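Asks: As input, take start_33.txt (compact mmCIF, C-alpha atoms):
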# COMPACT_ATOMS: atom_id res chain seq x y z
CA MET A 1 20.56 78.76 -8.10
CA LYS A 2 24.04 79.31 -6.68
CA TRP A 3 26.51 76.47 -6.93
CA THR A 4 30.23 75.98 -6.42
CA THR A 5 31.98 74.09 -9.19
CA VAL A 6 35.48 73.28 -10.41
CA PHE A 7 37.19 74.51 -13.57
CA LEU A 8 40.59 75.38 -14.98
CA LEU A 9 41.72 78.96 -15.40
CA ILE A 10 42.97 78.72 -18.97
CA ALA A 11 45.73 81.05 -20.03
CA ALA A 12 45.27 81.99 -23.67
CA SER A 13 46.02 84.92 -25.90
CA GLY A 14 44.16 86.43 -28.84
CA ALA A 15 40.67 87.77 -29.43
CA SER A 16 37.56 86.16 -28.04
CA ALA A 17 33.85 86.95 -28.20
CA GLN A 18 33.85 87.52 -24.45
CA SER A 19 36.97 88.69 -22.71
CA SER A 20 36.48 86.40 -19.72
CA ARG A 21 36.67 83.30 -21.91
CA PRO A 22 39.66 81.45 -23.31
CA ALA A 23 40.61 82.45 -26.81
CA THR A 24 40.48 79.96 -29.68
CA ARG A 25 43.27 79.76 -32.21
CA PRO A 26 43.79 78.75 -35.78
CA ALA A 27 44.28 75.04 -36.33
CA GLY A 28 47.88 73.93 -35.89
CA HIS A 29 48.72 76.37 -33.10
CA VAL A 30 49.52 75.10 -29.63
CA TRP A 31 47.19 75.22 -26.64
CA GLU A 32 48.32 76.70 -23.34
CA LEU A 33 45.60 75.34 -21.07
CA THR A 34 47.40 74.63 -17.80
CA LYS A 35 50.70 73.34 -16.53
CA TYR A 36 49.32 69.83 -17.13
CA LEU A 37 47.88 70.41 -20.61
CA HIS A 38 49.71 72.31 -23.32
CA GLY A 39 50.91 71.82 -26.88
CA THR A 40 49.16 70.71 -30.06
CA THR A 41 45.73 69.09 -29.94
CA THR A 42 47.32 65.65 -30.25
CA GLU A 43 49.80 66.41 -27.47
CA VAL A 44 47.01 67.63 -25.19
CA ARG A 45 45.07 64.44 -25.92
CA ASP A 46 48.06 62.30 -24.90
CA GLN A 47 48.68 64.35 -21.74
CA LEU A 48 45.02 64.08 -20.71
CA ASN A 49 44.42 60.42 -21.57
CA GLY A 50 47.86 58.83 -21.69
CA GLU A 51 48.09 57.58 -18.09
CA LEU A 52 44.54 56.21 -18.01
CA GLU A 53 45.01 54.51 -21.38
CA ARG A 54 48.26 52.91 -20.20
CA GLN A 55 46.53 51.62 -17.07
CA LEU A 56 43.60 50.32 -19.11
CA ALA A 57 46.02 48.51 -21.42
CA ARG A 58 47.72 46.91 -18.40
CA LYS A 59 44.35 45.87 -17.03
CA ALA A 60 43.47 44.33 -20.40
CA GLU A 61 46.73 42.36 -20.38
CA THR A 62 46.01 41.12 -16.85
CA LEU A 63 42.50 40.03 -17.87
CA LYS A 64 43.99 38.23 -20.88
CA GLN A 65 46.47 36.49 -18.57
CA ILE A 66 43.69 35.46 -16.16
CA ASP A 67 41.63 34.07 -19.04
CA SER A 68 44.61 32.08 -20.35
CA ILE A 69 45.47 30.67 -16.90
CA THR A 70 41.82 29.83 -16.22
CA ARG A 71 41.49 27.90 -19.48
CA GLU A 72 44.76 26.05 -18.90
CA LEU A 73 43.77 25.28 -15.31
CA LYS A 74 40.46 23.83 -16.49
CA ALA A 75 42.33 21.61 -18.97
CA ARG A 76 44.75 20.39 -16.27
CA GLU A 77 41.88 19.74 -13.81
CA ASP A 78 40.07 17.71 -16.48
CA GLU A 79 43.33 15.88 -17.10
CA ALA A 80 43.63 15.10 -13.38
CA VAL A 81 40.10 13.68 -13.29
CA GLU A 82 40.75 11.52 -16.37
CA PHE A 83 43.95 10.19 -14.81
CA THR A 84 42.12 9.39 -11.56
CA ARG A 85 39.55 7.39 -13.52
CA THR A 86 42.34 4.99 -14.61
CA ARG A 87 43.53 4.25 -11.06
CA PRO A 88 42.84 0.72 -9.66
CA ASP A 89 41.16 2.03 -6.49
CA TYR A 90 38.82 4.20 -8.58
CA LEU A 91 37.97 1.28 -10.90
CA LYS A 92 37.27 -0.97 -7.90
CA LEU A 93 34.94 1.64 -6.37
CA LYS A 94 33.24 2.15 -9.73
CA ARG A 95 32.47 -1.59 -9.94
CA GLU A 96 31.02 -1.44 -6.42
CA ARG A 97 28.83 1.49 -7.38
CA ASP A 98 27.61 -0.26 -10.55
CA ASP A 99 26.84 -3.44 -8.61
CA ALA A 100 25.02 -1.43 -5.93
CA GLU A 101 22.98 0.30 -8.63
CA GLN A 102 21.89 -3.05 -10.10
CA ALA A 103 20.98 -4.32 -6.63
CA LEU A 104 18.94 -1.15 -6.00
CA MET A 105 17.02 -1.62 -9.25
CA ALA A 106 16.22 -5.21 -8.29
CA ALA A 107 15.10 -4.21 -4.78
CA ARG A 108 12.78 -1.56 -6.21
CA GLU A 109 11.12 -4.19 -8.38
CA SER A 110 10.57 -6.97 -5.81
CA GLY A 111 12.28 -6.21 -2.50
CA THR A 112 10.83 -5.25 0.86
CA ALA A 113 10.88 -1.68 2.15
CA GLN A 114 13.94 -2.44 4.30
CA GLN A 115 15.77 -4.06 1.39
CA LYS A 116 15.09 -0.97 -0.71
CA LEU A 117 16.49 1.30 2.04
CA ASP A 118 19.62 -0.85 2.48
CA ALA A 119 20.26 -1.03 -1.27
CA SER A 120 19.77 2.71 -1.67
CA ALA A 121 22.17 3.46 1.20
CA LYS A 122 24.86 1.17 -0.24
CA TYR A 123 24.52 2.72 -3.69
CA ASN A 124 24.68 6.28 -2.38
CA ARG A 125 27.79 5.56 -0.30
CA ALA A 126 29.61 4.21 -3.35
CA ARG A 127 28.37 7.04 -5.58
CA VAL A 128 29.41 9.79 -3.14
CA ALA A 129 32.84 8.18 -2.61
CA LEU A 130 33.39 8.02 -6.36
CA GLU A 131 32.35 11.66 -6.86
CA LYS A 132 34.65 12.70 -4.02
CA MET A 133 37.64 11.03 -5.71
CA GLU A 134 36.92 12.99 -8.90
CA LYS A 135 36.40 16.25 -7.02
CA ASP A 136 39.61 15.84 -5.01
CA ALA A 137 41.73 14.82 -8.00
CA PRO A 138 42.77 18.35 -9.12
CA ALA A 139 43.97 19.25 -5.60
CA THR A 140 46.63 16.54 -5.73
CA TYR A 141 47.72 17.31 -9.29
CA THR A 142 50.97 19.30 -9.17
CA GLN A 143 50.46 21.12 -12.47
CA ALA A 144 46.98 22.25 -11.41
CA ALA A 145 48.28 23.47 -8.03
CA ASP A 146 50.96 25.60 -9.74
CA LEU A 147 48.37 27.16 -12.03
CA ARG A 148 46.07 27.98 -9.11
CA ALA A 149 48.91 29.88 -7.46
CA LYS A 150 49.51 31.83 -10.69
CA LEU A 151 45.77 32.57 -10.95
CA THR A 152 45.65 33.92 -7.39
CA GLU A 153 48.63 36.16 -8.14
CA ALA A 154 47.03 37.45 -11.36
CA GLN A 155 43.72 38.15 -9.61
CA GLY A 156 45.59 40.18 -6.99
CA ALA A 157 47.28 42.16 -9.77
CA LEU A 158 43.86 42.79 -11.35
CA LYS A 159 42.49 44.17 -8.09
CA ARG A 160 45.43 46.56 -7.79
CA SER A 161 45.07 47.53 -11.44
CA GLU A 162 41.38 48.34 -11.01
CA GLU A 163 42.18 50.71 -8.14
CA VAL A 164 44.82 52.53 -10.22
CA VAL A 165 42.41 52.76 -13.18
CA LYS A 166 39.76 54.21 -10.88
CA GLN A 167 42.12 56.89 -9.54
CA SER A 168 43.46 57.73 -13.01
CA GLY A 169 39.93 57.94 -14.38
CA GLN A 170 38.78 60.30 -11.63
CA TRP A 171 41.69 62.65 -12.23
CA ARG A 172 41.19 62.54 -16.01
CA ASP A 173 37.47 63.28 -15.62
CA GLU A 174 38.17 66.24 -13.35
CA LEU A 175 40.66 67.68 -15.84
CA LEU A 176 38.30 67.12 -18.78
CA ASP A 177 35.39 68.77 -16.96
CA ALA A 178 37.67 71.63 -16.00
CA VAL A 179 38.73 72.17 -19.62
CA GLN A 180 35.08 72.07 -20.72
CA ASN A 181 34.16 74.65 -18.08
CA GLY A 182 36.95 76.90 -19.29
CA PHE A 183 35.49 77.06 -22.82
CA LYS A 184 31.77 77.01 -21.96
CA LEU A 185 29.37 79.66 -23.10
CA ARG A 186 28.63 82.04 -20.21
CA GLY A 187 25.98 84.65 -19.58
CA PRO A 188 24.75 87.28 -19.75
CA LEU A 189 24.53 86.36 -23.45
CA ARG A 190 24.84 88.94 -26.20
CA THR A 191 24.55 88.68 -29.97
CA GLY A 192 27.90 87.49 -31.31
CA ASP A 193 28.96 85.71 -28.12
CA GLU A 194 30.62 82.36 -28.69
CA GLY A 195 31.46 79.37 -26.54
CA LEU A 196 31.11 75.65 -25.89
CA LEU A 197 27.83 73.87 -25.20
CA ALA A 198 28.76 70.75 -23.26
CA ARG A 199 26.00 68.91 -21.34
CA VAL A 200 22.55 69.96 -22.53
CA THR A 201 18.98 68.70 -22.31
CA CYS A 202 17.12 68.15 -25.56
CA GLU A 203 13.68 69.69 -25.07
CA LYS A 204 12.45 69.34 -28.65
CA ILE A 205 13.92 68.19 -31.97
CA LEU A 206 12.96 70.74 -34.63
CA ASP A 207 14.51 69.04 -37.68
CA GLY A 208 17.59 67.07 -38.72
CA GLU A 209 19.93 69.95 -37.93
CA SER A 210 18.26 72.02 -35.20
CA ALA A 211 16.79 71.48 -31.74
CA LEU A 212 15.51 73.37 -28.72
CA LEU A 213 18.05 72.78 -25.96
CA THR A 214 18.44 73.87 -22.35
CA ALA A 215 21.72 74.12 -20.48
CA GLU A 216 22.87 75.16 -17.02
CA MET A 217 25.15 78.11 -17.66
CA GLN A 218 27.42 80.29 -15.56
CA TRP A 219 25.77 83.69 -15.26
CA GLY A 220 28.10 86.53 -14.40
CA LYS A 221 31.65 86.42 -13.10
CA GLY A 222 32.75 83.75 -10.68
CA GLU A 223 34.84 84.18 -7.55
CA VAL A 224 37.91 82.01 -7.04
CA VAL A 225 37.67 80.56 -3.53
CA GLY A 226 40.48 78.02 -3.62
CA GLU A 227 42.68 75.73 -5.71
CA LYS A 228 43.22 71.97 -5.93
CA GLU A 229 46.29 70.76 -7.82
CA GLY A 230 46.12 73.44 -10.48
CA ILE A 231 42.33 73.43 -10.73
CA ALA A 232 40.58 76.56 -9.48
CA ILE A 233 37.57 76.15 -7.18
CA VAL A 234 35.16 78.88 -8.23
CA ASP A 235 31.92 80.08 -6.65
CA ILE A 236 29.44 80.82 -9.45
CA ASN A 237 25.80 81.53 -10.21
CA LEU A 238 24.07 79.07 -12.54
CA ARG A 239 21.06 79.70 -14.72
CA ARG A 240 19.17 77.26 -16.97
CA VAL A 241 18.98 78.84 -20.43
CA LYS A 242 16.90 77.89 -23.50
CA LEU A 243 18.59 77.92 -26.88
CA ASN A 244 17.33 77.20 -30.38
CA VAL A 245 20.50 75.71 -31.88
CA SER A 246 20.96 75.01 -35.59
CA GLY A 247 23.79 73.39 -37.54
CA ILE A 248 23.99 70.28 -35.32
CA ASP A 249 23.29 66.60 -35.99
CA THR A 250 20.08 65.75 -34.13
CA SER A 251 19.89 62.08 -35.22
CA LYS A 252 21.23 60.85 -31.86
CA LEU A 253 19.28 63.28 -29.68
CA LYS A 254 16.26 62.14 -27.69
CA GLU A 255 13.70 64.55 -26.33
CA GLY A 256 13.81 64.86 -22.54
CA GLN A 257 17.29 63.30 -22.30
CA ASP A 258 20.67 64.84 -21.48
CA VAL A 259 23.53 64.61 -23.95
CA VAL A 260 27.12 65.91 -24.02
CA LEU A 261 27.11 68.02 -27.17
CA ASP A 262 30.65 69.49 -27.00
CA ARG A 263 29.99 71.92 -29.85
CA ASN A 264 31.10 75.53 -30.18
CA VAL A 265 28.10 77.82 -30.89
CA ARG A 266 27.61 81.49 -31.67
CA ILE A 267 24.64 83.52 -30.39
CA LEU A 268 22.75 84.96 -33.39
CA LYS A 269 19.99 86.63 -31.44
CA ALA A 270 19.92 87.33 -27.70
CA GLY A 271 16.76 86.64 -25.68
CA GLY A 272 14.91 89.21 -23.68
CA GLY A 273 15.45 87.63 -20.25
CA GLY A 274 13.19 85.35 -18.24
CA ASP A 275 12.18 82.29 -20.28
CA ALA A 276 13.27 83.82 -23.59
CA VAL A 277 14.87 81.54 -26.18
CA TYR A 278 18.30 82.47 -27.54
CA LEU A 279 18.95 81.78 -31.22
CA ALA A 280 22.31 80.09 -31.77
CA LYS A 281 24.20 78.24 -34.49
CA HIS A 282 27.06 75.74 -34.46
CA HIS A 283 30.22 77.63 -35.40
CA VAL A 284 33.01 75.25 -36.41
CA ASN A 285 36.44 76.12 -35.02
CA ASP A 286 39.46 74.55 -33.34
CA VAL A 287 37.55 74.00 -30.07
CA ASP A 288 35.38 71.41 -31.85
CA GLU A 289 38.47 69.64 -33.07
CA LEU A 290 40.02 69.78 -29.61
CA PHE A 291 37.10 68.03 -27.90
CA ALA A 292 36.53 65.57 -30.76
CA THR A 293 40.17 64.54 -30.27
CA ILE A 294 40.62 64.54 -26.49
CA VAL A 295 37.31 63.05 -25.31
CA PRO A 296 37.42 59.54 -26.89
CA LEU A 297 39.61 57.00 -25.09
CA ARG A 298 41.80 54.54 -26.97
CA ALA A 299 41.40 51.40 -24.92
CA PRO A 300 40.98 47.65 -25.59
CA ALA A 301 37.28 46.80 -25.93
CA VAL A 302 37.42 44.48 -22.90
CA VAL A 303 38.18 47.42 -20.58
CA ALA A 304 36.82 50.41 -22.49
CA PRO A 305 34.35 52.45 -20.44
CA GLY A 306 30.82 52.04 -21.73
CA PRO A 307 27.21 52.64 -20.73
CA PRO A 308 26.12 50.85 -17.57
CA LYS A 309 23.91 47.80 -17.84
CA ALA A 310 20.24 48.58 -17.56
CA GLU A 311 18.70 47.64 -14.24
CA SER A 312 15.07 46.55 -14.03
CA ALA A 313 14.34 47.14 -10.33
CA PRO A 314 13.26 50.72 -9.49
CA LEU A 315 15.52 52.72 -7.19
CA GLY A 316 14.12 52.95 -3.68
CA GLY A 317 13.67 56.69 -3.17
CA LEU A 318 16.40 59.20 -2.43
CA ARG A 319 18.31 56.68 -0.33
CA GLY A 320 18.44 54.21 -3.22
CA LEU A 321 19.55 56.98 -5.60
CA ALA A 322 22.29 58.32 -3.30
CA GLU A 323 23.56 54.83 -2.47
CA LEU A 324 24.26 54.15 -6.14
CA LEU A 325 27.44 56.12 -5.40
CA PRO A 326 30.58 54.10 -4.61
CA THR A 327 31.19 53.46 -0.92
CA ASP A 328 34.27 55.69 -0.83
CA GLN A 329 32.30 58.67 -2.19
CA LEU A 330 29.54 58.21 0.39
CA ALA A 331 32.09 57.88 3.19
CA ALA A 332 33.76 61.14 2.10
CA LEU A 333 30.60 63.26 2.46
CA GLY A 334 31.35 66.27 4.61
CA LYS A 335 35.03 65.30 4.96
CA GLY A 336 36.54 66.99 1.92
CA PRO A 337 36.05 69.86 -0.53
CA ALA A 338 32.35 69.90 -1.46
CA PRO A 339 33.02 71.01 -5.09
CA VAL A 340 35.19 67.93 -5.73
CA GLN A 341 32.57 65.68 -4.14
CA GLU A 342 29.86 67.28 -6.28
CA LEU A 343 31.86 66.80 -9.45
CA ARG A 344 32.49 63.10 -8.81
CA ALA A 345 28.94 62.40 -7.64
CA GLN A 346 27.45 64.23 -10.64
CA LYS A 347 29.62 62.28 -13.10
CA TRP A 348 28.81 58.94 -11.47
CA LEU A 349 25.05 59.48 -11.24
CA ASP A 350 24.86 60.90 -14.77
CA GLU A 351 26.26 57.56 -15.95
CA HIS A 352 24.51 55.21 -13.51
CA ALA A 353 21.20 56.89 -12.58
CA VAL A 354 19.93 58.75 -15.66
CA GLY A 355 17.47 56.48 -17.44
CA ARG A 356 16.78 54.42 -14.30
CA THR A 357 13.32 54.20 -12.77
CA ILE A 358 12.88 55.60 -9.26
CA ARG A 359 10.00 55.18 -6.83
CA LEU A 360 9.73 57.93 -4.23
CA SER A 361 7.39 59.68 -1.83
CA GLY A 362 7.13 63.46 -1.60
CA VAL A 363 4.96 66.45 -0.78
CA LEU A 364 2.95 68.01 -3.60
CA ARG A 365 3.92 71.64 -4.24
CA GLY A 366 1.94 72.30 -7.39
CA ALA A 367 0.50 70.77 -10.57
CA VAL A 368 -0.37 72.20 -13.97
CA ALA A 369 -1.49 70.87 -17.36
CA SER A 370 1.08 71.37 -20.12
CA GLY A 371 0.08 70.22 -23.61
CA ASP A 372 -0.38 66.46 -23.61
CA GLU A 373 1.26 66.15 -20.20
CA PHE A 374 0.52 67.00 -16.58
CA SER A 375 3.49 68.52 -14.72
CA VAL A 376 3.84 68.06 -10.97
CA ALA A 377 6.24 69.85 -8.61
CA MET A 378 7.20 68.00 -5.41
CA SER A 379 9.77 67.93 -2.65
CA ALA A 380 11.08 64.99 -0.63
CA ASP A 381 12.11 64.94 3.03
CA LYS A 382 15.69 64.39 4.15
CA VAL A 383 16.65 60.74 4.67
CA LYS A 384 19.67 59.28 6.44
CA LEU A 385 22.14 57.24 4.42
CA THR A 386 23.84 54.03 5.42
CA GLY A 387 27.19 54.82 7.01
CA GLY A 388 26.34 58.48 7.69
CA GLY A 389 25.33 61.47 5.63
CA ALA A 390 21.89 62.36 4.32
CA ALA A 391 19.99 63.08 1.10
CA ASP A 392 17.09 65.38 0.26
CA ALA A 393 15.33 66.87 -2.77
CA GLU A 394 13.67 70.25 -2.52
CA GLU A 395 12.91 70.27 -6.25
CA ILE A 396 11.31 67.31 -8.04
CA HIS A 397 9.77 67.99 -11.44
CA ALA A 398 7.63 65.04 -12.59
CA ARG A 399 5.84 64.73 -15.92
CA PHE A 400 2.72 62.51 -16.15
CA ALA A 401 0.54 61.52 -19.08
CA LYS A 402 -2.62 63.63 -19.31
CA SER A 403 -4.63 60.48 -18.46
CA HIS A 404 -3.47 60.77 -14.83
CA GLU A 405 -4.78 64.34 -14.45
CA ARG A 406 -8.07 63.40 -12.75
CA LEU A 407 -6.33 61.24 -10.15
CA LEU A 408 -3.59 63.81 -9.48
CA THR A 409 -5.99 66.71 -9.06
CA ARG A 410 -7.51 64.90 -6.09
CA VAL A 411 -4.24 65.36 -4.20
CA LYS A 412 -4.15 68.72 -2.45
CA LYS A 413 -1.12 70.95 -2.15
CA GLY A 414 0.91 69.90 0.91
CA GLU A 415 -0.35 66.31 0.82
CA ARG A 416 1.93 63.33 0.28
CA LEU A 417 2.15 61.62 -3.11
CA VAL A 418 3.95 58.40 -4.08
CA ILE A 419 5.12 58.23 -7.68
CA GLN A 420 7.33 56.20 -10.00
CA GLY A 421 9.13 57.57 -13.05
CA SER A 422 12.28 57.61 -15.16
CA ILE A 423 15.17 59.92 -14.20
CA GLN A 424 15.76 62.17 -17.22
CA ARG A 425 18.31 64.47 -15.61
CA LEU A 426 19.51 65.44 -12.16
CA THR A 427 21.69 67.99 -10.42
CA VAL A 428 23.80 67.15 -7.39
CA ILE A 429 24.68 69.66 -4.65
CA VAL A 430 26.79 68.62 -1.64
CA GLU A 431 26.77 70.70 1.52
CA ASN A 432 27.66 69.78 5.13
CA GLY A 433 27.49 66.04 4.46
CA THR A 434 24.10 66.19 2.72
CA ILE A 435 23.46 65.37 -0.95
CA SER A 436 20.69 67.58 -2.33
CA PHE A 437 19.10 66.54 -5.62
CA VAL A 438 17.16 68.47 -8.23
CA LEU A 439 15.29 65.74 -10.12
CA HIS A 440 13.54 65.82 -13.49
CA LEU A 441 11.40 62.71 -14.04
CA GLY A 442 9.47 61.58 -17.10
CA GLY A 443 6.93 58.88 -17.84
CA CYS A 444 5.63 59.14 -14.28
CA GLU A 445 2.64 57.37 -12.80
CA PRO A 446 1.12 57.23 -9.31
CA ALA A 447 2.43 54.35 -7.19
CA LYS A 448 1.33 52.62 -4.02
So, in terms of structure tokens, how does the structure I just supplied come out?

Replies:
Amino acid sequence: MKWTTVFLLIAASGASAQSSRPATRPAGHVWELTKYLHGTTTEVRDQLNGELERQLARKAETLKQIDSITRELKAREDEAVEFTRTRPDYLKLKRERDDAEQALMAARESGTAQQKLDASAKYNRARVALEKMEKDAPATYTQAADLRAKLTEAQGALKRSEEVVKQSGQWRDELLDAVQNGFKLRGPLRTGDEGLLARVTCEKILDGESALLTAEMQWGKGEVVGEKEGIAIVDINLRRVKLNVSGIDTSKLKEGQDVVLDRNVRILKAGGGGDAVYLAKHHVNDVDELFATIVPLRAPAVVAPGPPKAESAPLGGLRGLAELLPTDQLAALGKGPAPVQELRAQKWLDEHAVGRTIRLSGVLRGAVASGDEFSVAMSADKVKLTGGGAADAEEIHARFAKSHERLLTRVKKGERLVIQGSIQRLTVIVENGTISFVLHLGGCEPAK
């Protein structure tokens, strides 16, 4: 598969396992990554994260201010209601309501239907008038009015802060991805080659310190086709490679799920091409320390980025998946550099779509039994998106329990199949205003 992506051309000196890759250096030396990122590991961390962390801290302060104003406003509004309840006109109306309530109770016991209606109407008029006085009390309370103005001002500041945080976060993510790409392991792989494994898919956990992983890897040299604010736009070939990696902590891995490993590995034994498995081992060096230091954000818990809340409703096909993207990203389809759009869409959907259930319809391309599972290959037709643009999926890989084999074998190649399953990983490609997905689904079952 050929794909255009974004990464930094890192200027570094010293020996490296592959000459096209950035060199690593002994701990304590400075990094010369780009005009934006250079210095010690700590200095690089501050350059990468400093602006976003400052904006997150400001947002946290604004949220704290809004919470304080809201609590004080509630206290003043309660105070206004209590004061209103001492006013003579309120007390007079309260007596009228109480009397009307007693009259209503008497009418219900022995009155005629008309008497009951009249008593109920009189009681309701007094009750509604009394409730209105309490509801209107805060509006006439000067202290409450001043606080409402302050709250409106703080909410406006929060809205502006959220936009700045969003922009700072996007730029930080692009830089971080670019730095990762600069250090990543690249093929063709040879014994002794060394580089970073970033996002990988855990295919099988072998033991507490080793696992069978797959990763999309640059294969061969890339061609620089442009530049965006110091970040090179490079046209590359990608290949999914299998690696048996040892020396890593597998306690947080989950089979079939993607994870950002960010570990430097060394190839111990090269594969023979095709579906061969490369033997690799975690090789500790300063790159590990770099990513362990620069990736975590120091932010107040109230604004720290975290995993999205789980959603119960299945996504409605490719349209539902694509429209998880923010409105501004959808509106930009076909109007800007595709590599930048891909990068942002991939980051967003990795965080907000992976793990979600999707229900979609597609054309069966093939099916085969694989161990305790039944693997199905499908494709889905192009659909139009709200506000313009389109989405399609020429590759859908769905894994079913073996119990569904009999039902699935009744569907012939080229026929339509409706399924529901969990998104385990996805790849996003943007071209000419169309988002193309490569989907890997697990826990699938036929749907109506």

Asks: Can you measure CA of Pro188 in chain A to CA of Asn237 in chain A for me? One decimal in Å is fine.

Replies: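 According to the coordinates, CA of Pro188 in chain A and CA of Asn237 in chain A are separated by 11.2 Å.
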
Asks: Excluding Gly421 in chain A and its own-chain neighbours fewer than 6 positions away, which residues fall within 10 Å of it when counting all atoms listed in the file? Please give them as a CSV table (one decimal) with C-alpha atoms, keeping the file's coordinate frame.

Replies:
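Output contents, as saved in out_11.csv:
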chain,number,residue,atom,x,y,z
A,314,PRO,CA,13.3,50.7,-9.5
A,315,LEU,CA,15.5,52.7,-7.2
A,355,GLY,CA,17.5,56.5,-17.4
A,356,ARG,CA,16.8,54.4,-14.3
A,357,THR,CA,13.3,54.2,-12.8
A,358,ILE,CA,12.9,55.6,-9.3
A,359,ARG,CA,10.0,55.2,-6.8
A,360,LEU,CA,9.7,57.9,-4.2
A,398,ALA,CA,7.6,65.0,-12.6
A,399,ARG,CA,5.8,64.7,-15.9
A,400,PHE,CA,2.7,62.5,-16.2
A,440,HIS,CA,13.5,65.8,-13.5
A,441,LEU,CA,11.4,62.7,-14.0
A,442,GLY,CA,9.5,61.6,-17.1
A,443,GLY,CA,6.9,58.9,-17.8
A,444,CYS,CA,5.6,59.1,-14.3
A,445,GLU,CA,2.6,57.4,-12.8
A,446,PRO,CA,1.1,57.2,-9.3
A,447,ALA,CA,2.4,54.4,-7.2

Asks: Mind giving me the straight-line distance from CA of Arg266 in chain A to CA of Ile248 in chain A in Å, one decimal?

Replies: 12.3 Å

Asks: For CA of Leu37 in chain A and CA of Asp350 in chain A, quote the distance in Å rounded to one decimal.

Replies: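 That distance, rounded to one decimal, is 25.6 Å.
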
Asks: Find the spatial neighbours of Phe183 in chain A, counting all atoms listed in the file, within a cut-off of 6 Å - ignore same-chain residues fewer than 2 positions away - and output them as a list in words.

Replies: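 Once the nearby chain positions are removed, what remains is Gln180, Asn181, Gly195 and Leu196 of chain A.
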
Asks: Could you give me, as a list in words, the residues within 7 Å of Val165 in chain A, counting all atoms listed in the file and dropping anything in the same chain fewer than 2 positions from it?

Replies: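 The residues that qualify are Leu52, Gln55, Leu56, Ser161, Glu162, Glu163, Gln167, Ser168 and Gly169 of chain A.
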
Asks: Residues near Leu297 in chain A, anyone? I mean within 10 Å using all atoms listed in the file, not counting same-chain ones fewer than 5 positions away, as a ChimeraX atom specification.

Replies: /A:45-46,48-50,52-53,56,304-305

Asks: Can you complete the atoms of range 234-247 of chain A to N, CA and C atoms and list them as a PDB file, keeping the file's coordinate frame?

Replies:
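File written: part_19.pdb
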ATOM      1  N   VAL A 234      35.788  77.589  -7.953  1.00  0.00           N
ATOM      2  CA  VAL A 234      35.160  78.880  -8.230  1.00  0.00           C
ATOM      3  C   VAL A 234      33.699  78.866  -7.786  1.00  0.00           C
ATOM      4  N   ASP A 235      33.312  79.909  -7.076  1.00  0.00           N
ATOM      5  CA  ASP A 235      31.920  80.080  -6.650  1.00  0.00           C
ATOM      6  C   ASP A 235      31.182  80.836  -7.753  1.00  0.00           C
ATOM      7  N   ILE A 236      30.125  80.222  -8.309  1.00  0.00           N
ATOM      8  CA  ILE A 236      29.440  80.820  -9.450  1.00  0.00           C
ATOM      9  C   ILE A 236      27.935  80.780  -9.290  1.00  0.00           C
ATOM     10  N   ASN A 237      27.248  81.588 -10.083  1.00  0.00           N
ATOM     11  CA  ASN A 237      25.800  81.530 -10.210  1.00  0.00           C
ATOM     12  C   ASN A 237      25.453  80.776 -11.478  1.00  0.00           C
ATOM     13  N   LEU A 238      24.513  79.833 -11.380  1.00  0.00           N
ATOM     14  CA  LEU A 238      24.070  79.070 -12.540  1.00  0.00           C
ATOM     15  C   LEU A 238      22.663  79.470 -12.926  1.00  0.00           C
ATOM     16  N   ARG A 239      22.397  79.444 -14.227  1.00  0.00           N
ATOM     17  CA  ARG A 239      21.060  79.700 -14.720  1.00  0.00           C
ATOM     18  C   ARG A 239      20.774  78.726 -15.862  1.00  0.00           C
ATOM     19  N   ARG A 240      19.552  78.145 -15.871  1.00  0.00           N
ATOM     20  CA  ARG A 240      19.170  77.260 -16.970  1.00  0.00           C
ATOM     21  C   ARG A 240      18.630  78.122 -18.106  1.00  0.00           C
ATOM     22  N   VAL A 241      19.261  77.983 -19.280  1.00  0.00           N
ATOM     23  CA  VAL A 241      18.980  78.840 -20.430  1.00  0.00           C
ATOM     24  C   VAL A 241      18.442  78.001 -21.584  1.00  0.00           C
ATOM     25  N   LYS A 242      17.458  78.561 -22.318  1.00  0.00           N
ATOM     26  CA  LYS A 242      16.900  77.890 -23.500  1.00  0.00           C
ATOM     27  C   LYS A 242      17.563  78.436 -24.752  1.00  0.00           C
ATOM     28  N   LEU A 243      17.947  77.512 -25.641  1.00  0.00           N
ATOM     29  CA  LEU A 243      18.590  77.920 -26.880  1.00  0.00           C
ATOM     30  C   LEU A 243      18.003  77.132 -28.051  1.00  0.00           C
ATOM     31  N   ASN A 244      17.704  77.831 -29.121  1.00  0.00           N
ATOM     32  CA  ASN A 244      17.330  77.200 -30.380  1.00  0.00           C
ATOM     33  C   ASN A 244      18.606  77.099 -31.197  1.00  0.00           C
ATOM     34  N   VAL A 245      19.178  75.882 -31.279  1.00  0.00           N
ATOM     35  CA  VAL A 245      20.500  75.710 -31.880  1.00  0.00           C
ATOM     36  C   VAL A 245      20.368  75.022 -33.223  1.00  0.00           C
ATOM     37  N   SER A 246      20.955  75.604 -34.252  1.00  0.00           N
ATOM     38  CA  SER A 246      20.960  75.010 -35.590  1.00  0.00           C
ATOM     39  C   SER A 246      22.378  74.603 -35.968  1.00  0.00           C
ATOM     40  N   GLY A 247      22.476  73.818 -37.059  1.00  0.00           N
ATOM     41  CA  GLY A 247      23.790  73.390 -37.540  1.00  0.00           C
ATOM     42  C   GLY A 247      24.369  72.217 -36.789  1.00  0.00           C
TER      43      GLY A 247
END
